[in-house]
Structure formats: structure tokens, C-alpha cells
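S.K.: Let me begin by handing over the structure; questions about it come next.
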Amino acid sequence: MIARIEPLTTTRRVSGPFDYKLPAEPLEVGSVVRIPFGRQQLDGVVTGLAAVTEVPEERLVAPTKVLPQSIPPELVDLAAWMAAEYCSTPARALSLVLPPPGRERTELWAIPAVTANGTEKLTELQRAALARLPAPAGGDLAVLRRLEARGLVTIEPRVRRRAPLSIATEDRRPPLTAEQEAALRTIADGGSHLLHGVTGSGKTEVYLRAAERALDAGKGVIVLVPEIALTPQTVARFAARFGDTVALLHSALSEGERFDEWLRLRRGEARIAVGPRSAVFAPVHDLGLVVLDEEHDPSYKHEGDPRYDARLVARWRAAYHGAALLCGTATPRPETWRELPHVTLTRRVDGQGLPPVQVVDMRGHHHPLHPETQQALVDVARAGRKAIVLVNRRGWSNFLTCRDCGRVWTCPQCDVALVLHRAAGEIACHHCGHHERVPTRCDACQSLAVARHGAGTERLEAELAERLAIPVFRLDADTAATKDAVPKLLARFRAAPSGLLVGTQLVAKGHDFPDVTLGVVVDADQTLRFPDFRAEERTFAMVAQLAGRAGRGSTSSPPARVIVQTLSP
């Protein structure tokens, strides 16, 4: 027997897999090994085992090391399909399904001995240490070692799980509406379905009940959300229902957290994987259900190599296992609407109607907020309620110009306008990351007349905080850059008795705040002007999704509403 191994190299000129001798350790499809490859030592993945080889076996070498974690054979097949489907290489596709780097963290735990005699001669320090057990040894290790020598304590290494930050929430198990019950009966028949439900119609509860049925049948579940910002609240809902069997996977976790969550899924300790696009590669055993929440969202497409669409990868995995695929959204893509049978939720579970949407004409207005929008925000502040304001541009101003010579400050690499970030004291490119100090004069004509145009999230946050006696929270790529920043910010907004959430499209996606009574789209034309054949489709989805954040469970007077500002009413 020989092993066929695909070396994990980024070059496209390698045509594997290559034959290797079997090492002393057992190998299987999906084993990750260290192999000699020319003059290098590379990692590789076993893609097959064969009885014969075209090369004389005496000329073959064996892998130098078998690494402890392996890939399920299904994901090896998936990588082969992706390499062919997306014109990539097997090695690049395999890199997406590899175990994350890392190792388990162990710590010493002290446990009272079963037969603990002779405690009457202990010091006060020793008695205090003994009273805290069982517990990590920590700073008491020296004291505990002396107790261990007397047979009073057992000290042993234990694996310590590095758990991601979780949002505490109670498990609300509301009674199902007739539409939800009908949807679950249809989904139980298997196959793929589009769950087309208006915002607030209880799609998440349908996901939870469908996942419950899958777990009861001994199956695993993958739940995909479009943004990392949505992952903590989705995990909170699933963890409240299913406890520790839920694992969280996304790129913003620490290396240790990501490794521990992946390993729990690989070992079958966790049965539900929740995360954004990359969670579609979770090593879930016996997959029975794949949920794609907000399936219309463009962030399910990966821009690197391979340029995969997580929606198609999810379909492949569901078909491979004969699992159910459930695509949920209030604004489905035309192709999904055409391809999948529909399950429809037409009413909000709280019985409230969708908020009215008012389009306001911004022609002739130079302030980023229309007077009617400003008054609506003042009303929210006076009433002590909450509002969400969407402006799809971060930073302070969209671009800078010289009033005398007309120069626009642009990125030297990308040839796009640099955005002013006043707090950082810089102008930056949102494509490549180039940044430079804010100019005080024009380099071309030496004029001091440097003008700022447009408004981003940073400017609106500052203006609204100055004008309104109400807390203002900003959610964009700048405030979400640090680990756990998003769940903490959203938790603060949820806990506040009143407030404004200002941000980019992150604020319009899937959040469930029952006390938001106003939604505002500051510049709906921005996405409408994108050079993209889906521009109109995506603008509609953005407005509809933001409208869905308002009026959930609210019986306020006046009722919730949405304002859309535009130059193209």
C-alpha cells in the first residue's frame, strides 16, 4: 500500500497528488502529514490510499511526521470539487478545510484525595487552599504540592477550553404560529427550501426547531450567517436552546479559541457549528441540516483563491449527506427564488405590521440629514427610545478637495478618493489600507483651502452626540476591528434604555432589538450608483432589511417608521 499525498503549496505548477510510502503510524484519507518534497519539508494531505504505484516502491520515501489532527474524508472530496469548480488547485482548496493551527491548553488541577486524613495539623494557608478545591492549582501550587506529598490532594493536568465570548440570553421558546408550523412540516420532508419570511416573522425560531429535530435524529447542523457581527447573537440564541453542543467558528476568534472550537466539532463534542462564510467547512459529523440565514447577502462570496460561493458549497455538503438545506431571507435573490421551492412566512410573530417607509428628497439640501430626519431623531431622543441610522460610508468625510485648484486626494495604488478619519488624524484608502496624514495645504498649489465633502459614520456619530442628549453607538469596520468589539457594542446598545446606533450596512443585517422605533438610510443612492448589475437589487435589500429592524414588538405611539434619504426619489 502507498499513500497519495497532495503537498500544500501555493504554486499552480505542481501536479499532484504524489506517491509516498506508508509510515509506521496509521494513515487514512484526510491525515495531515509532513513530507519531504524536493529540498523542502512541506505539510500535505492524504487524498487516497492505493495498492499499486507506477514508481518502484524502493524509490518512494515516507512522510517524516503524522500530525495529530486530520480532516474528515468528506472535506477532502469537497476540496477536490472546489478546485475543479473554481479553477483553483487542490492544495489551495485543501487549505480552506485544514484544522486551524494550535494545540490544546492544559493546566494543573488540584482535587481533594478520597481518603484525606491528618488535616488537623495543617497551617491556615493550607486549610484555605484545601477549602477552595477542586480548582486550578495556579498560585497555590507550592502549597498544594506539600499537601499532595501528605496524600491530601491529587494534582493532575486537565485540558482547559478557550471558550469565545458569549452573550447571555434566556431561551425564549414562543408558541409557533400556524405559518411556522406549516413551514416546519414542509422542511421535515427533506430537500432544499427557501424560507421567505418578512423581517420579524420568526425565521430564527424555525431554524431552532429544525435544528432540534436534526439533533434528535442524531445528526449535526451548520448555521451560516453573513457577517461576524451577527454571529454572537445567533450563537447566543442557539446556545440558550442547546447549551454546550454549539460551537462558534469565525476568523475574529483567537487562534486558541478557533482551534478548540474546531476540535470540539471534529470529536463530536459539539454538534452545531455557527459562523459566517468559512463555517461552511466545519467538520460536523453526520450532517443533517444546513441553514443559510440572509442567503441574499453578497458576503457569502469569497474574493480570494478559490473564489467560492458559500451558498453553493453548502448545497454540495447538504447533497453529499442527504441533509436538508434551508435558505432564509426576507429579500431572496432571483436565482434562489427560481431554483428552490418556497416556504413563506407573511406575518410578524408579534402581530405588528411592517413600519411605513418614507422617501425624502435630498435635492437642494446640503446637510447630510434632511430636516425631517433631524426632527424624527429629536423626537426619538425626547421619547427616550432607540433608532438605527445607516450611512454606508465609514470615516468623517468621503473625500478632500482643494477649492483653488480642484485637486482630489487619491490613493497612489488604487486611484480612488481617500477618506478622512478625523479621530486617527489621517486620510485612508478603504481598499488597500494606504494612509497618510490629513493635509493642511494643497501640495499642487500650496492653497490652505482644503475642503471636506460628504459625511461618514464618524462625522454623523460626532454631530448626533453633540446635538442630542442620548447615547450614540457607532458600528463599522473601524469600531469592529478589535476582538469581541461587536458583541460588546451591541450588548451596550441593547442594554441602554435609549440610544442611536449609527453604522454601515452592518447595522441593517439581522439584528433583533425590540425597542427600535426609527430607521434611517442616510444615502440610499450610494449603493444604487455602484457599477454592479445587482445594484438595484442590493439597494432594495438594504432598505428592506433596515426597515425590518424597526417596530419589532413595539407598541409605541407614534408607531415605528423608516426614513430613506435620496437624490433619486
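Each chain in the C-alpha cells gets a letter, A, B, ..., in the order shown, and its residues are numbered from 1; ligands are numbered from 1 in order too.
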Using only C-alpha atoms, which residues sit within 12 Å of Cys327 (chain A) once same-chain residues fewer than 3 positions away are excluded, as a PyMOL selection string?

M.R.: chain A and resi 187+191-197+203-204+206-207+222-226+289-297+310-312+314-315+318+324+330-333+336-337+339-344

S.K.: Could you list, with a cut-off of 10 Å and counting only C-alpha atoms, the residues of region 90-117 of chain A near region 140-145 of chain A, each shown with its nearest atom pair and the distance in Å rounded to one decimal, rows sorted by chain and ascending number, as CSV?

M.R.:
```
residue,atom,partner,partner_atom,distance
A:Leu108,CA,A:Leu141,CA,8.6
A:Trp109,CA,A:Leu141,CA,9.4
A:Ala110,CA,A:Leu144,CA,7.3
A:Ile111,CA,A:Leu144,CA,9.7
```

S.K.: With only C-alpha atoms as the atoms that count, which of A:Val45, A:Leu325, A:Ala229, A:Leu125 lies nearest to Ala211 (chain A)?

M.R.: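 Distance minimum relative to Ala211 (chain A) lands on A:Leu325.
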
S.K.: Quick one: of A:Ala491, A:Gln352, A:Leu8, A:Arg393, who's nearest to Thr169 (chain A), counting only C-alpha atoms?

M.R.: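 For Thr169 (chain A), the nearest of the given residues is A:Ala491.
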
S.K.: Could you work out how far CA of Leu468 (chain A) lies from CA of Thr199 (chain A), giving the answer in Å with one decimal?

M.R.: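 A separation of 28.9 Å between them.
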
S.K.: Take CA of Ala524 (chain A) and CA of Thr566 (chain A) and report the distance between them in Å, one decimal.

M.R.: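 For CA of Ala524 (chain A) relative to CA of Thr566 (chain A), the distance reads 5.6 Å.
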
S.K.: Which residues come within 10 Å of Trp262 (chain A), counting only C-alpha atoms, excluding same-chain residues fewer than 3 positions away, as a list in words?

M.R.: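 Skipping anything fewer than 3 positions along the chain leaves Pro99, Pro100, Ala247, Leu248, Leu249, Gly256, Glu257, Arg258, Phe259, Leu265, Arg266, Arg267, Gly268, Ala270, Ala273, Ala279, Ala282, Pro283 and Val284 of chain A.
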
S.K.: Since we have the selection now, will you write its residues out, keeping all heavy atoms, as a compact mmCIF listing (two decimals), in the first residue's frame?

M.R.:
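Writing the result to part18.txt gives the following:
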```txt
# COMPACT_ATOMS: atom_id res chain seq x y z
N PRO A 99 -7.33 21.84 9.66
CA PRO A 99 -7.51 22.23 11.06
C PRO A 99 -6.80 23.55 11.32
O PRO A 99 -5.74 23.82 10.76
CB PRO A 99 -6.83 21.09 11.84
CG PRO A 99 -6.71 19.97 10.88
CD PRO A 99 -6.60 20.56 9.52
N PRO A 100 -7.39 24.44 12.13
CA PRO A 100 -6.68 25.68 12.46
C PRO A 100 -5.41 25.38 13.23
O PRO A 100 -5.31 24.35 13.90
CB PRO A 100 -7.68 26.45 13.33
CG PRO A 100 -8.81 25.54 13.60
CD PRO A 100 -8.67 24.30 12.77
N ALA A 247 -20.89 25.22 18.76
CA ALA A 247 -19.53 25.73 18.59
C ALA A 247 -19.55 26.94 17.66
O ALA A 247 -20.32 26.99 16.71
CB ALA A 247 -18.61 24.66 18.02
N LEU A 248 -18.70 27.90 17.96
CA LEU A 248 -18.61 29.14 17.20
C LEU A 248 -17.33 29.12 16.37
O LEU A 248 -16.25 28.82 16.88
CB LEU A 248 -18.60 30.32 18.17
CG LEU A 248 -18.27 31.71 17.64
CD1 LEU A 248 -19.30 32.14 16.62
CD2 LEU A 248 -18.20 32.72 18.78
N LEU A 249 -17.44 29.44 15.08
CA LEU A 249 -16.27 29.47 14.20
C LEU A 249 -16.26 30.76 13.38
O LEU A 249 -17.21 31.02 12.64
CB LEU A 249 -16.28 28.28 13.23
CG LEU A 249 -15.98 26.89 13.79
CD1 LEU A 249 -16.10 25.85 12.67
CD2 LEU A 249 -14.58 26.83 14.40
N GLY A 256 -6.26 30.16 19.65
CA GLY A 256 -6.61 29.08 20.58
C GLY A 256 -8.10 28.80 20.60
O GLY A 256 -8.51 27.64 20.65
N GLU A 257 -8.92 29.85 20.59
CA GLU A 257 -10.37 29.66 20.59
C GLU A 257 -10.82 28.93 19.33
O GLU A 257 -11.65 28.02 19.39
CB GLU A 257 -11.07 31.02 20.68
CG GLU A 257 -10.95 31.69 22.03
CD GLU A 257 -11.44 33.12 22.02
OE1 GLU A 257 -11.57 33.70 20.91
OE2 GLU A 257 -11.68 33.69 23.10
N ARG A 258 -10.27 29.35 18.20
CA ARG A 258 -10.67 28.72 16.93
C ARG A 258 -10.27 27.24 16.91
O ARG A 258 -11.03 26.39 16.46
CB ARG A 258 -10.04 29.48 15.76
CG ARG A 258 -10.68 29.18 14.42
CD ARG A 258 -10.40 30.28 13.40
NE ARG A 258 -9.00 30.44 13.09
CZ ARG A 258 -8.27 31.50 13.45
NH1 ARG A 258 -8.81 32.48 14.15
NH2 ARG A 258 -6.99 31.59 13.14
N PHE A 259 -9.08 26.94 17.42
CA PHE A 259 -8.62 25.55 17.45
C PHE A 259 -9.51 24.70 18.36
O PHE A 259 -9.92 23.60 18.00
CB PHE A 259 -7.17 25.48 17.94
CG PHE A 259 -6.64 24.09 18.07
CD1 PHE A 259 -6.18 23.39 16.95
CD2 PHE A 259 -6.62 23.45 19.31
CE1 PHE A 259 -5.70 22.10 17.08
CE2 PHE A 259 -6.14 22.16 19.44
CZ PHE A 259 -5.68 21.48 18.32
N LEU A 265 -15.88 20.14 17.44
CA LEU A 265 -16.71 19.65 16.34
C LEU A 265 -16.13 18.37 15.75
O LEU A 265 -16.86 17.42 15.45
CB LEU A 265 -16.83 20.72 15.25
CG LEU A 265 -17.68 21.94 15.61
CD1 LEU A 265 -17.39 23.09 14.64
CD2 LEU A 265 -19.16 21.59 15.58
N ARG A 266 -14.82 18.34 15.60
CA ARG A 266 -14.17 17.16 15.00
C ARG A 266 -14.37 15.93 15.86
O ARG A 266 -14.54 14.81 15.34
CB ARG A 266 -12.67 17.45 14.82
CG ARG A 266 -11.89 16.32 14.12
CD ARG A 266 -12.23 16.26 12.66
NE ARG A 266 -11.46 15.26 11.95
CZ ARG A 266 -11.90 14.04 11.64
NH1 ARG A 266 -13.12 13.67 12.01
NH2 ARG A 266 -11.15 13.20 10.95
N ARG A 267 -14.36 16.10 17.17
CA ARG A 267 -14.52 14.97 18.08
C ARG A 267 -15.99 14.61 18.32
O ARG A 267 -16.29 13.63 18.97
CB ARG A 267 -13.86 15.29 19.43
CG ARG A 267 -12.35 15.33 19.37
CD ARG A 267 -11.79 15.83 20.69
NE ARG A 267 -10.33 15.71 20.74
CZ ARG A 267 -9.57 16.24 21.69
NH1 ARG A 267 -10.15 16.91 22.67
NH2 ARG A 267 -8.26 16.09 21.67
N GLY A 268 -16.90 15.44 17.82
CA GLY A 268 -18.31 15.19 18.05
C GLY A 268 -18.82 15.70 19.38
O GLY A 268 -19.97 15.44 19.74
N ALA A 270 -19.27 18.85 20.06
CA ALA A 270 -20.24 19.86 19.63
C ALA A 270 -20.90 19.37 18.35
O ALA A 270 -20.24 18.77 17.50
CB ALA A 270 -19.55 21.20 19.40
N ALA A 273 -22.47 23.91 14.41
CA ALA A 273 -21.46 24.92 14.10
C ALA A 273 -22.18 26.18 13.63
O ALA A 273 -23.02 26.12 12.72
CB ALA A 273 -20.50 24.42 13.02
N ALA A 279 -17.50 29.00 8.08
CA ALA A 279 -18.05 27.91 8.89
C ALA A 279 -18.68 26.82 8.04
O ALA A 279 -19.01 25.75 8.55
CB ALA A 279 -19.07 28.45 9.89
N ALA A 282 -16.93 23.54 8.47
CA ALA A 282 -16.85 22.96 9.81
C ALA A 282 -16.89 21.44 9.73
O ALA A 282 -17.69 20.87 8.97
CB ALA A 282 -18.00 23.48 10.67
N PRO A 283 -16.07 20.74 10.53
CA PRO A 283 -16.02 19.26 10.48
C PRO A 283 -17.16 18.64 11.28
O PRO A 283 -16.93 17.92 12.26
CB PRO A 283 -14.65 18.95 11.08
CG PRO A 283 -14.43 20.05 12.07
CD PRO A 283 -15.05 21.29 11.45
N VAL A 284 -18.39 18.90 10.86
CA VAL A 284 -19.57 18.40 11.58
C VAL A 284 -19.85 16.97 11.14
O VAL A 284 -19.90 16.68 9.93
CB VAL A 284 -20.78 19.30 11.30
CG1 VAL A 284 -22.05 18.72 11.93
CG2 VAL A 284 -20.53 20.71 11.81
```

S.K.: Leaving out Thr346 (chain A) and any residue of its chain fewer than 3 positions from it, which residues lie within 8 Å of it when counting only C-alpha atoms, given as a list of chain:residue names?

M.R.: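 Near Thr346 (chain A), the qualifying residues are A:Glu179, A:Gly197, A:Val198, A:Ser201.
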
S.K.: Keeping only N, CA and C atoms, take the residues you just selected and write them out as a tab-separated table (two decimals), in the first residue's frame.

M.R.:
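What ended up in out-v8.tsv:
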```tsv
chain	number	residue	atom	x	y	z
A	179	GLU	N	-48.19	29.52	10.43
A	179	GLU	CA	-47.25	29.55	9.29
A	179	GLU	C	-45.95	28.86	9.66
A	197	GLY	N	-39.47	34.87	4.53
A	197	GLY	CA	-40.27	35.44	5.60
A	197	GLY	C	-39.98	36.90	5.78
A	198	VAL	N	-41.01	37.70	5.99
A	198	VAL	CA	-40.81	39.12	6.24
A	198	VAL	C	-39.97	39.27	7.50
A	201	SER	N	-40.63	37.75	11.26
A	201	SER	CA	-41.65	36.71	11.12
A	201	SER	C	-41.29	35.42	11.86
```

S.K.: What's the 9 Å shell around Leu460 (chain A), counting only C-alpha atoms, without same-chain residues fewer than 6 positions away, as a list in words?

M.R.: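 My reading of the contact set: Pro368, Leu369, Val391, Trp396 and Val502 of chain A.
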
S.K.: Identify, on the basis of only C-alpha atoms, every residue whose closest approach to Gln41 (chain A) does not exceed 9 Å; exclude the query and any residue fewer than 6 positions from it along the same chain; express the result as a list in words.

M.R.: Arg34, Ile35 and Thr64 of chain A

S.K.: Give me every alpha helix (DSSP H) residue in region 453-514 of chain A, going by DSSP on the backbone, as number ranges by chain.

M.R.: A: 457-467, 485-495

S.K.: Could you name the residues that touch region 526-538 of chain A at 12 Å or less, counting only C-alpha atoms, but leaving out those on the same chain fewer than 3 positions away, as a PyMOL selection string?

M.R.: chain A and resi 296-299+331-334+390-393+398+454-456+504-505+521-523+541-545+565-569
